[in-house]
Each structure stands twice: as C-alpha cells, then as structure tokens.
file work17.txt (compact mmCIF, C-alpha atoms and all ligand atoms)
# COMPACT_ATOMS: atom_id res chain seq x y z
CA MET Z 1 92.69 91.55 125.27
CA ALA Z 2 96.31 90.78 124.45
CA ILE Z 3 97.63 87.62 126.11
CA THR Z 4 100.46 88.02 128.62
CA THR Z 5 103.16 85.70 129.93
CA GLN Z 6 101.46 85.81 133.36
CA GLN Z 7 98.22 84.62 131.81
CA LEU Z 8 99.94 81.52 130.42
CA ILE Z 9 101.14 80.66 133.94
CA GLN Z 10 97.59 81.13 135.29
CA TRP Z 11 96.21 78.91 132.53
CA LYS Z 12 98.55 76.13 133.66
CA GLN Z 13 97.14 76.45 137.19
CA GLN Z 14 93.60 76.35 135.76
CA GLY Z 15 94.36 73.39 133.48
CA ARG Z 16 93.55 75.35 130.30
CA SER Z 17 95.61 74.02 127.40
CA ILE Z 18 97.76 76.58 125.53
CA VAL Z 19 97.54 76.64 121.71
CA ALA Z 20 100.73 77.71 119.93
CA LEU Z 21 101.86 77.81 116.29
CA THR Z 22 104.70 79.43 114.35
CA ALA Z 23 104.33 82.34 111.90
CA TRP Z 24 106.69 84.09 109.51
CA ASP Z 25 104.69 86.96 107.99
CA TYR Z 26 101.69 89.27 108.29
CA ALA Z 27 99.19 87.14 106.35
CA ILE Z 28 99.85 83.91 108.26
CA ALA Z 29 100.00 85.71 111.62
CA GLN Z 30 96.70 87.48 110.99
CA LEU Z 31 94.98 84.18 110.15
CA LEU Z 32 96.39 82.37 113.20
CA ASP Z 33 95.51 85.21 115.55
CA ALA Z 34 91.95 85.53 114.23
CA ALA Z 35 91.53 81.75 114.52
CA GLY Z 36 92.28 81.95 118.26
CA VAL Z 37 95.90 80.81 118.63
CA ASP Z 38 97.23 81.90 122.06
CA LEU Z 39 100.96 82.09 121.36
CA ILE Z 40 102.65 82.81 118.03
CA LEU Z 41 106.32 81.90 117.75
CA VAL Z 42 108.42 83.58 115.10
CA GLY Z 43 110.56 80.46 115.13
CA ASP Z 44 113.92 80.05 113.48
CA SER Z 45 112.30 77.01 111.78
CA MET Z 46 111.21 79.77 109.37
CA ALA Z 47 114.70 79.21 107.90
CA VAL Z 48 113.27 76.15 106.16
CA VAL Z 49 110.32 78.16 104.75
CA LEU Z 50 112.96 80.56 103.37
CA GLY Z 51 114.75 77.67 101.64
CA TYR Z 52 117.62 76.97 104.07
CA GLU Z 53 118.45 73.33 104.96
CA THR Z 54 118.68 73.91 108.73
CA THR Z 55 117.93 76.70 111.21
CA LEU Z 56 121.61 77.67 111.47
CA PRO Z 57 121.99 80.20 108.62
CA ILE Z 58 119.09 82.51 109.52
CA THR Z 59 120.28 85.89 110.75
CA LEU Z 60 119.08 88.31 113.41
CA GLU Z 61 118.24 90.81 110.63
CA GLU Z 62 115.98 88.23 108.95
CA MET Z 63 114.28 87.42 112.26
CA LEU Z 64 113.72 91.14 112.92
CA PHE Z 65 112.24 91.69 109.46
CA HIS Z 66 109.81 88.75 109.76
CA ALA Z 67 108.90 89.43 113.40
CA LYS Z 68 107.87 93.00 112.49
CA SER Z 69 105.64 91.62 109.75
CA VAL Z 70 104.07 89.11 112.19
CA ARG Z 71 103.54 91.86 114.78
CA ARG Z 72 101.47 93.85 112.28
CA GLY Z 73 99.07 90.91 111.89
CA VAL Z 74 98.48 90.13 115.57
CA LYS Z 75 95.98 91.69 117.98
CA ARG Z 76 95.58 89.05 120.71
CA ALA Z 77 98.25 86.33 120.73
CA LEU Z 78 101.50 86.56 122.71
CA ILE Z 79 104.40 86.89 120.24
CA VAL Z 80 107.68 85.11 121.03
CA VAL Z 81 110.72 85.39 118.75
CA ASP Z 82 113.60 82.89 118.52
CA LEU Z 83 117.12 84.20 118.95
CA PRO Z 84 118.96 82.66 115.98
CA PHE Z 85 122.12 80.57 116.18
CA LEU Z 86 125.21 82.48 117.39
CA THR Z 87 123.33 85.61 118.35
CA TYR Z 88 123.26 84.69 122.06
CA GLN Z 89 125.65 81.82 122.84
CA GLU Z 90 128.88 83.86 122.84
CA SER Z 91 128.24 85.97 125.92
CA PHE Z 92 125.56 87.52 128.11
CA GLN Z 93 126.25 90.88 126.42
CA GLN Z 94 125.59 89.36 122.99
CA ALA Z 95 122.34 87.78 124.23
CA MET Z 96 121.21 91.06 125.82
CA HIS Z 97 121.96 93.00 122.62
CA SER Z 98 120.06 90.51 120.40
CA ALA Z 99 117.08 90.10 122.74
CA GLY Z 100 116.92 93.86 123.33
CA LEU Z 101 116.81 94.56 119.58
CA ILE Z 102 113.98 92.06 119.14
CA LEU Z 103 111.86 93.62 121.88
CA LYS Z 104 112.64 97.21 120.88
CA GLU Z 105 112.30 96.91 117.11
CA THR Z 106 109.56 94.32 116.60
CA GLY Z 107 107.08 94.87 119.44
CA ALA Z 108 107.19 91.14 120.31
CA GLN Z 109 106.73 90.40 124.02
CA ALA Z 110 109.33 87.67 124.57
CA VAL Z 111 112.30 85.77 123.18
CA LYS Z 112 113.15 82.06 123.08
CA LEU Z 113 116.64 80.66 123.57
CA GLU Z 114 117.68 77.02 123.14
CA GLY Z 115 119.49 75.00 125.82
CA GLY Z 116 119.49 74.44 129.56
CA TYR Z 117 123.22 73.96 130.21
CA PRO Z 118 124.72 76.02 133.06
CA ALA Z 119 126.13 78.92 130.98
CA MET Z 120 122.80 79.31 129.12
CA VAL Z 121 120.85 79.21 132.40
CA GLU Z 122 123.08 81.99 133.70
CA THR Z 123 122.53 84.08 130.54
CA ILE Z 124 118.76 83.57 130.77
CA ALA Z 125 118.70 84.52 134.47
CA ARG Z 126 120.41 87.80 133.61
CA LEU Z 127 118.03 88.55 130.72
CA VAL Z 128 115.06 87.93 133.00
CA GLN Z 129 116.58 90.17 135.70
CA ALA Z 130 116.87 92.88 133.05
CA GLY Z 131 113.13 92.63 132.36
CA ILE Z 132 113.19 90.48 129.22
CA PRO Z 133 110.61 87.65 129.25
CA VAL Z 134 112.28 84.41 128.14
CA MET Z 135 110.90 81.09 126.94
CA GLY Z 136 113.24 78.10 127.37
CA HIS Z 137 113.67 75.19 124.94
CA VAL Z 138 115.06 71.75 125.89
CA GLY Z 139 115.06 68.22 124.47
CA LEU Z 140 115.71 68.31 120.73
CA THR Z 141 117.31 71.71 120.15
CA PRO Z 142 117.58 72.10 116.34
CA GLN Z 143 120.44 74.62 116.52
CA SER Z 144 122.56 71.66 117.76
CA VAL Z 145 121.60 69.53 114.74
CA HIS Z 146 125.24 68.80 113.81
CA GLN Z 147 125.85 67.47 117.32
CA ILE Z 148 122.64 65.58 118.18
CA GLY Z 149 120.83 65.21 114.85
CA LEU Z 150 117.04 65.50 114.74
CA ARG Z 151 116.43 62.33 116.79
CA GLN Z 152 114.20 62.00 119.83
CA GLN Z 153 116.12 63.06 122.96
CA GLY Z 154 115.92 61.89 126.60
CA LYS Z 155 115.56 58.17 125.89
CA SER Z 156 118.16 56.91 128.39
CA GLN Z 157 117.74 57.37 132.15
CA GLU Z 158 120.77 59.68 132.19
CA ALA Z 159 119.55 61.83 129.30
CA ALA Z 160 116.05 62.05 130.82
CA GLU Z 161 117.51 63.20 134.16
CA ARG Z 162 119.60 65.81 132.38
CA ILE Z 163 116.57 67.24 130.55
CA LEU Z 164 114.51 67.30 133.77
CA ASN Z 165 117.33 69.09 135.62
CA GLU Z 166 117.75 71.59 132.77
CA ALA Z 167 114.03 72.40 132.85
CA ILE Z 168 114.12 72.90 136.63
CA ALA Z 169 117.19 75.15 136.32
CA LEU Z 170 115.47 77.21 133.59
CA GLU Z 171 112.40 77.66 135.78
CA GLN Z 172 114.67 78.83 138.62
CA ALA Z 173 116.32 81.26 136.18
CA GLY Z 174 112.89 82.83 135.61
CA VAL Z 175 111.56 81.58 132.24
CA PHE Z 176 107.79 81.98 131.84
CA SER Z 177 107.43 78.78 129.82
CA ILE Z 178 109.52 75.98 128.30
CA VAL Z 179 109.29 74.23 124.93
CA LEU Z 180 109.85 70.47 125.24
CA GLU Z 181 110.80 69.17 121.80
CA HIS Z 182 110.78 65.52 120.69
CA ILE Z 183 111.16 63.75 124.03
CA PRO Z 184 109.25 60.71 125.37
CA ALA Z 185 105.73 61.45 126.62
CA ASP Z 186 106.40 60.15 130.19
CA LEU Z 187 109.45 62.41 130.51
CA ALA Z 188 107.40 65.40 129.27
CA ASN Z 189 104.71 64.45 131.80
CA LEU Z 190 107.25 64.34 134.63
CA VAL Z 191 108.76 67.72 133.65
CA THR Z 192 105.25 69.21 133.36
CA GLN Z 193 104.32 67.95 136.86
CA LYS Z 194 107.54 69.27 138.42
CA LEU Z 195 107.30 72.81 136.99
CA SER Z 196 104.95 75.63 137.86
CA VAL Z 197 105.57 77.39 134.52
CA PRO Z 198 103.79 75.88 131.48
CA THR Z 199 105.46 73.35 129.21
CA ILE Z 200 104.66 73.63 125.50
CA GLY Z 201 105.24 70.32 123.75
CA ILE Z 202 106.22 69.52 120.19
CA GLY Z 203 106.54 65.80 119.64
CA ALA Z 204 106.44 65.37 123.42
CA GLY Z 205 103.07 63.66 123.92
CA PRO Z 206 99.73 64.80 125.31
CA HIS Z 207 100.64 65.72 128.91
CA CYS Z 208 102.25 69.13 128.31
CA ASP Z 209 100.43 72.32 129.30
CA GLY Z 210 100.17 73.32 125.64
CA GLN Z 211 101.16 72.24 122.15
CA ILE Z 212 103.10 73.92 119.36
CA LEU Z 213 103.68 72.83 115.77
CA VAL Z 214 105.42 74.45 112.82
CA THR Z 215 102.62 76.02 110.76
CA SER Z 216 104.09 75.15 107.35
CA ASP Z 217 104.00 71.46 108.48
CA VAL Z 218 100.41 71.68 109.78
CA LEU Z 219 99.23 73.28 106.53
CA GLY Z 220 101.02 70.81 104.28
CA LEU Z 221 103.36 73.44 102.81
CA SER Z 222 106.62 71.78 103.90
CA GLU Z 223 108.43 69.39 101.58
CA LYS Z 224 109.06 67.09 104.56
CA HIS Z 225 108.12 67.14 108.24
CA PRO Z 226 108.98 65.31 111.48
CA PRO Z 227 107.12 62.04 112.27
CA PHE Z 228 105.08 63.49 115.17
CA VAL Z 229 103.40 66.20 113.04
CA LYS Z 230 99.70 66.08 112.20
CA VAL Z 231 99.11 67.61 108.77
CA TYR Z 232 95.65 69.21 108.84
CA THR Z 233 95.44 70.27 105.19
CA ASN Z 234 97.51 69.97 102.00
CA LEU Z 235 98.26 73.49 100.77
CA ARG Z 236 100.97 72.26 98.38
CA GLU Z 237 98.29 70.39 96.47
CA THR Z 238 95.74 73.22 96.71
CA ILE Z 239 98.21 75.88 95.51
CA THR Z 240 99.61 73.69 92.72
CA LYS Z 241 96.09 72.96 91.41
CA ALA Z 242 95.09 76.66 91.53
CA VAL Z 243 98.27 77.75 89.72
CA GLN Z 244 97.90 75.00 87.09
CA ASP Z 245 94.27 76.02 86.46
CA TYR Z 246 95.33 79.67 86.08
CA THR Z 247 98.20 78.69 83.75
CA VAL Z 248 95.88 76.70 81.48
CA GLU Z 249 93.26 79.46 81.40
CA VAL Z 250 95.80 82.16 80.53
CA ARG Z 251 97.43 80.01 77.80
CA GLU Z 252 94.04 79.13 76.33
CA ARG Z 253 92.88 82.76 76.63
CA LYS Z 254 89.99 81.74 78.90
CA PHE Z 255 91.09 84.21 81.57
CA PRO Z 256 90.43 87.09 81.78
O1 LIG U 1 111.68 77.37 115.47
C1 LIG U 1 110.66 76.75 115.81
O2 LIG U 1 109.68 76.64 115.06
C2 LIG U 1 110.64 76.15 117.13
C3 LIG U 1 109.54 75.16 117.39
C4 LIG U 1 109.98 73.86 116.86
C5 LIG U 1 109.17 75.11 118.81
O3 LIG U 1 111.50 76.38 117.93

call {"tool": "encode", "arguments": {"input": "work17.txt", "output": "structure tokens", "more": "lines below"}}
Ligand code: KIV
result
Amino acid sequence: MAITTQQLIQWKQQGRSIVALTAWDYAIAQLLDAAGVDLILVGDSMAVVLGYETTLPITLEEMLFHAKSVRRGVKRALIVVDLPFLTYQESFQQAMHSAGLILKETGAQAVKLEGGYPAMVETIARLVQAGIPVMGHVGLTPQSVHQIGLRQQGKSQEAAERILNEAIALEQAGVFSIVLEHIPADLANLVTQKLSVPTIGIGAGPHCDGQILVTSDVLGLSEKHPPFVKVYTNLRETITKAVQDYTVEVRERKFP
C-alpha cells in the first residue's frame, strides 16, 4: 500500500521511526523503494549529483524530469519533490504554479519548500489550503548558502528560539512534516516534542521522528559530504575497480 502523509503523522503518534532518503532517477528510486524506504525526496541536492557546486542552479524543468523518472520506480514510498531556488520565493502565485506543475506532471504526492520566515509561512498556508501537501525545512537551508554557509544553525539561544518558532508557525500553516537540518540534537528534540507533525532530521541528532540522508553520500558516490553523514558503502571505489577491470580486459582482448 502506498504511504500517505496522514500515515506519517500516525507513525509519529505510534513512535514508529520514519526512514527517508533522496533519489534522482528510476534505478535508484526502485532500489530504495524495494528496500523499504518510507519517504523518497527528489531533493535539490541532486544538483550536486548533476555536477553543480550548490543547489542554486537547478531548474524546475530539471526537477520535473528527474521526479518523473523517480515516480516510475516507486510503488510504496511517499514521494516529495523540492521546489528549487527562485521558483517559489517571489510570490504565492509563483509557488502555486511551481508546486502545481510538480504534482500534475510528476505524480509525486508533496512538495518541500525551505524557510519558516513569515512570508514563506503565508505562502505555505495558501498552498495547503489549495490542497497541496507541503513539507517544511528549517535550520540549515542550503538555498541560503551564500547568506548562512553550510554551518550548523541554532547554536545561540536566539537562533534556537527562532528555529523553534518557525517550526511551530509551519505546523500551524498546515505542513505534514518538517525537515530539521544540521541543528543541535537538544534543539531538534525540543522541536520534535512541541510538534504533532513528524520531524525528519538530517544532522539533527537521534530524537527526530525520522531520519533523512542524501543517498549519494550514504552510498559513497559523493566527492565530499557533510560531517554528520554515515557512509554505508563506497560505490566510488566499487565502480572505479569494475571499470578498470573492464578496461584492462578489453585492451588485453580478454573480454569478450
Ligand atoms: O535536497 C535535499 O536533499 C534535502 C535534504 C538535505 C533534506 O533537502
């Protein structure tokens, strides 16, 4: 049975931890879904898999193309797609147009928008009222990299209070879940306790209602990764070795 946004909220009440990972194409999505991942994010971190330095250059067209490919590989997991930089910050109308295209064209069930400042909360409230399921994202928001860097957020009392208040405002706006990225574990714990929608942590400690990581980091495909990542296998090494073996065998006429 396909997982719904409502189910994630029930799982929080039941204390069942939510497993989330990112995907960028059919093959990866199919593997994650078959392995039992609950939520697949077509994250704009895919920009880095595509060779960009940051998440900023990726376009809505690229997200649509990759989200359709992911959709074809998934039977069970809930699919959430990031709205890329400058496809939702300008106005509510822009956000509605971008989110609407994602839902209509890709078959994904929800979108994710970064930020919990008042204008973004207002935009999200209106998307939710229009029937579009939204996931929030606070703490380190990579689309603001040129303003805040990629450092841990929420370290001072004032910054922690701001993140907590943003999360509460997003819940009131109607999000079904919130990503907490790279914030101290006690702050993530506090936010998780205060909210009735699930928190999905990335570099936010063990107390969130679920965890997400960027799949290319987990699989050891990324050239570099944030300090909080656990790398479960080294695909760069595995692929390099396989390709070198093939190269030698073709040159030496051992294959075919
Ligand atoms: O784009 C992404 O992969 C994300 C995760 C870091 C949550 O937003």

call {"tool": "closest_atom_pairs", "arguments": {"input": "work17.txt", "of": "chain Z", "to": "ligand LIG 1 (chain U)", "cutoff": "7 Å", "atoms": "all atoms listed in the file", "output": "Markdown table"}}
result
| residue | atom | partner | partner_atom | distance |
| --- | --- | --- | --- | --- |
| Z:Thr22 | CA | U:LIG1 | O2 | 5.8 |
| Z:Leu41 | CA | U:LIG1 | O2 | 6.8 |
| Z:Gly43 | CA | U:LIG1 | O1 | 3.3 |
| Z:Asp44 | CA | U:LIG1 | O1 | 4.0 |
| Z:Ser45 | CA | U:LIG1 | O1 | 3.8 |
| Z:Met46 | CA | U:LIG1 | O1 | 6.6 |
| Z:Asp82 | CA | U:LIG1 | O1 | 6.6 |
| Z:Val179 | CA | U:LIG1 | C5 | 6.2 |
| Z:Glu181 | CA | U:LIG1 | C5 | 6.8 |
| Z:Ile202 | CA | U:LIG1 | C5 | 6.5 |
| Z:Ile212 | CA | U:LIG1 | C5 | 6.2 |
| Z:Leu213 | CA | U:LIG1 | C4 | 6.5 |
| Z:Val214 | CA | U:LIG1 | O2 | 5.3 |

call {"tool": "closest_residue", "arguments": {"input": "work17.txt", "among": "Z:Leu164, Z:Ala27, Z:Val80, Z:Met96", "to": "Ala130 of chain Z", "atoms": "all atoms listed in the file"}}
result
Z:Met96

call {"tool": "residues_around", "arguments": {"input": "work17.txt", "residues": "Phe228 of chain Z", "least_positions_apart": "6", "cutoff": "12 Å", "atoms": "only C-alpha atoms", "output": "VMD selection string"}}
result
chain Z and resid 151 to 152 181 to 185 201 to 206 211 to 214 217 to 218

call {"tool": "closest_residue", "arguments": {"input": "work17.txt", "among": "Z:Gly139, Z:Lys230, Z:Glu90, Z:Ser222", "to": "Asn165 of chain Z", "atoms": "all atoms listed in the file"}}
result
Z:Gly139

call {"tool": "closest_residue", "arguments": {"input": "work17.txt", "among": "Z:Gln14, Z:Thr87, Z:Thr247, Z:Thr106", "to": "Gly73 of chain Z", "atoms": "only C-alpha atoms"}}
result
Z:Thr106

call {"tool": "closest_residue", "arguments": {"input": "work17.txt", "among": "Z:Glu105, Z:Arg251, Z:Ser216, Z:Tyr88", "to": "Arg236 of chain Z", "atoms": "only C-alpha atoms"}}
result
Z:Ser216

call {"tool": "closest_residue", "arguments": {"input": "work17.txt", "among": "Z:Ser156, Z:Gln172, Z:Thr192, Z:Ser177", "to": "Met135 of chain Z", "atoms": "only C-alpha atoms"}}
result
Z:Ser177

call {"tool": "closest_residue", "arguments": {"input": "work17.txt", "among": "Z:Ala108, Z:Leu64, Z:Ala2, Z:Leu56", "to": "Gly36 of chain Z", "atoms": "only C-alpha atoms"}}
result
Z:Ala2

call {"tool": "residues_around", "arguments": {"input": "work17.txt", "residues": "Gly15 of chain Z", "least_positions_apart": "3", "cutoff": "8 Å", "atoms": "all atoms listed in the file", "output": "ChimeraX atom specification"}}
result
/Z:11-12,209

call {"tool": "atom_distance", "arguments": {"input": "work17.txt", "atom1": "atom CA of Val37 of chain Z", "atom2": "atom CA of Pro198 of chain Z"}}
result
15.9 Å

call {"tool": "residues_near_point", "arguments": {"input": "work17.txt", "point": "(108.2, 91.4, 125.4)", "cutoff": "10 Å", "atoms": "all atoms listed in the file", "output": "ChimeraX atom specification"}}
result
/Z:4-5,78-81,99-100,102-104,106-111,131-134

call {"tool": "closest_atom_pairs", "arguments": {"input": "work17.txt", "of": "segment 44-91 of chain Z", "to": "segment 28-34 of chain Z", "cutoff": "8 Å", "atoms": "only C-alpha atoms", "output": "JSON lines"}}
result
{"residue": "Z:Val70", "atom": "CA", "partner": "Z:Ala29", "partner_atom": "CA", "distance": 5.3}
{"residue": "Z:Arg71", "atom": "CA", "partner": "Z:Ala29", "partner_atom": "CA", "distance": 7.8}
{"residue": "Z:Gly73", "atom": "CA", "partner": "Z:Gln30", "partner_atom": "CA", "distance": 4.3}
{"residue": "Z:Val74", "atom": "CA", "partner": "Z:Gln30", "partner_atom": "CA", "distance": 5.6}
{"residue": "Z:Lys75", "atom": "CA", "partner": "Z:Asp33", "partner_atom": "CA", "distance": 6.9}
{"residue": "Z:Arg76", "atom": "CA", "partner": "Z:Asp33", "partner_atom": "CA", "distance": 6.4}
{"residue": "Z:Ala77", "atom": "CA", "partner": "Z:Asp33", "partner_atom": "CA", "distance": 6.0}

call {"tool": "atom_distance", "arguments": {"input": "work17.txt", "atom1": "atom CA of His207 of chain Z", "atom2": "atom CA of Leu219 of chain Z"}}
result
23.7 Å

call {"tool": "residues_around", "arguments": {"input": "work17.txt", "residues": "Ala47 of chain Z", "least_positions_apart": "5", "cutoff": "9 Å", "atoms": "all atoms listed in the file", "output": "list in words"}}
result
Tyr52, Glu53, Thr54, Thr55, Leu56, Pro57 and Ile58 of chain Z

call {"tool": "atom_distance", "arguments": {"input": "work17.txt", "atom1": "atom CA of Val191 of chain Z", "atom2": "atom CA of Ala160 of chain Z"}}
result
9.7 Å

call {"tool": "build_atoms", "arguments": {"input": "work17.txt", "residues": "segment 77-88 of chain Z", "atoms": "all heavy atoms", "output": "compact mmCIF listing (two decimals), in the frame of the given file"}}
result
# COMPACT_ATOMS: atom_id res chain seq x y z
N ALA Z 77 97.30 87.37 120.31
CA ALA Z 77 98.25 86.33 120.73
C ALA Z 77 99.52 86.95 121.31
O ALA Z 77 99.92 88.07 120.96
CB ALA Z 77 98.61 85.45 119.54
N LEU Z 78 100.17 86.18 122.20
CA LEU Z 78 101.50 86.56 122.71
C LEU Z 78 102.51 86.21 121.61
O LEU Z 78 102.48 85.10 121.08
CB LEU Z 78 101.80 85.76 123.98
CG LEU Z 78 103.13 86.07 124.64
CD1 LEU Z 78 102.99 87.31 125.53
CD2 LEU Z 78 103.62 84.89 125.47
N ILE Z 79 103.40 87.16 121.29
CA ILE Z 79 104.40 86.89 120.24
C ILE Z 79 105.77 86.64 120.88
O ILE Z 79 106.27 87.47 121.65
CB ILE Z 79 104.51 88.06 119.25
CG1 ILE Z 79 103.14 88.36 118.63
CG2 ILE Z 79 105.53 87.75 118.16
CD1 ILE Z 79 103.13 89.57 117.72
N VAL Z 80 106.34 85.49 120.55
CA VAL Z 80 107.68 85.11 121.03
C VAL Z 80 108.57 84.96 119.80
O VAL Z 80 108.14 84.40 118.79
CB VAL Z 80 107.62 83.76 121.79
CG1 VAL Z 80 108.99 83.39 122.34
CG2 VAL Z 80 106.58 83.81 122.92
N VAL Z 81 109.80 85.45 119.90
CA VAL Z 81 110.72 85.39 118.75
C VAL Z 81 111.97 84.59 119.14
O VAL Z 81 112.56 84.84 120.20
CB VAL Z 81 111.13 86.81 118.28
CG1 VAL Z 81 112.07 86.74 117.08
CG2 VAL Z 81 109.89 87.65 117.95
N ASP Z 82 112.37 83.65 118.29
CA ASP Z 82 113.60 82.89 118.52
C ASP Z 82 114.83 83.76 118.33
O ASP Z 82 114.92 84.51 117.34
CB ASP Z 82 113.70 81.75 117.50
CG ASP Z 82 113.16 80.44 118.02
OD1 ASP Z 82 113.10 80.25 119.25
OD2 ASP Z 82 112.79 79.60 117.18
N LEU Z 83 115.80 83.62 119.23
CA LEU Z 83 117.12 84.20 118.95
C LEU Z 83 117.86 83.20 118.06
O LEU Z 83 117.99 82.03 118.43
CB LEU Z 83 117.91 84.43 120.24
CG LEU Z 83 117.46 85.53 121.17
CD1 LEU Z 83 118.54 85.81 122.22
CD2 LEU Z 83 117.14 86.81 120.43
N PRO Z 84 118.31 83.63 116.87
CA PRO Z 84 118.96 82.66 115.98
C PRO Z 84 120.36 82.24 116.46
O PRO Z 84 120.96 82.90 117.32
CB PRO Z 84 119.01 83.39 114.64
CG PRO Z 84 118.80 84.82 114.92
CD PRO Z 84 118.13 84.95 116.26
N PHE Z 85 120.82 81.17 115.85
CA PHE Z 85 122.12 80.57 116.18
C PHE Z 85 123.23 81.62 116.17
O PHE Z 85 123.33 82.44 115.24
CB PHE Z 85 122.41 79.47 115.15
CG PHE Z 85 123.71 78.75 115.36
CD1 PHE Z 85 123.97 78.07 116.54
CD2 PHE Z 85 124.68 78.75 114.36
CE1 PHE Z 85 125.17 77.40 116.72
CE2 PHE Z 85 125.88 78.07 114.53
CZ PHE Z 85 126.12 77.40 115.71
N LEU Z 86 124.05 81.59 117.21
CA LEU Z 86 125.21 82.48 117.39
C LEU Z 86 124.86 83.95 117.51
O LEU Z 86 125.66 84.81 117.17
CB LEU Z 86 126.24 82.27 116.27
CG LEU Z 86 127.17 81.08 116.47
CD1 LEU Z 86 128.41 81.21 115.58
CD2 LEU Z 86 127.62 80.93 117.92
N THR Z 87 123.64 84.22 118.00
CA THR Z 87 123.33 85.61 118.35
C THR Z 87 123.12 85.73 119.86
O THR Z 87 122.69 86.78 120.34
CB THR Z 87 122.07 86.15 117.63
OG1 THR Z 87 120.93 85.45 118.13
CG2 THR Z 87 122.16 85.98 116.13
N TYR Z 88 123.40 84.62 120.60
CA TYR Z 88 123.26 84.69 122.06
C TYR Z 88 124.19 83.74 122.81
O TYR Z 88 124.36 83.88 124.02
CB TYR Z 88 121.81 84.39 122.47
CG TYR Z 88 121.29 83.00 122.11
CD1 TYR Z 88 121.22 81.98 123.05
CD2 TYR Z 88 120.86 82.71 120.81
CE1 TYR Z 88 120.73 80.72 122.73
CE2 TYR Z 88 120.38 81.45 120.48
CZ TYR Z 88 120.31 80.46 121.44
OH TYR Z 88 119.85 79.22 121.11
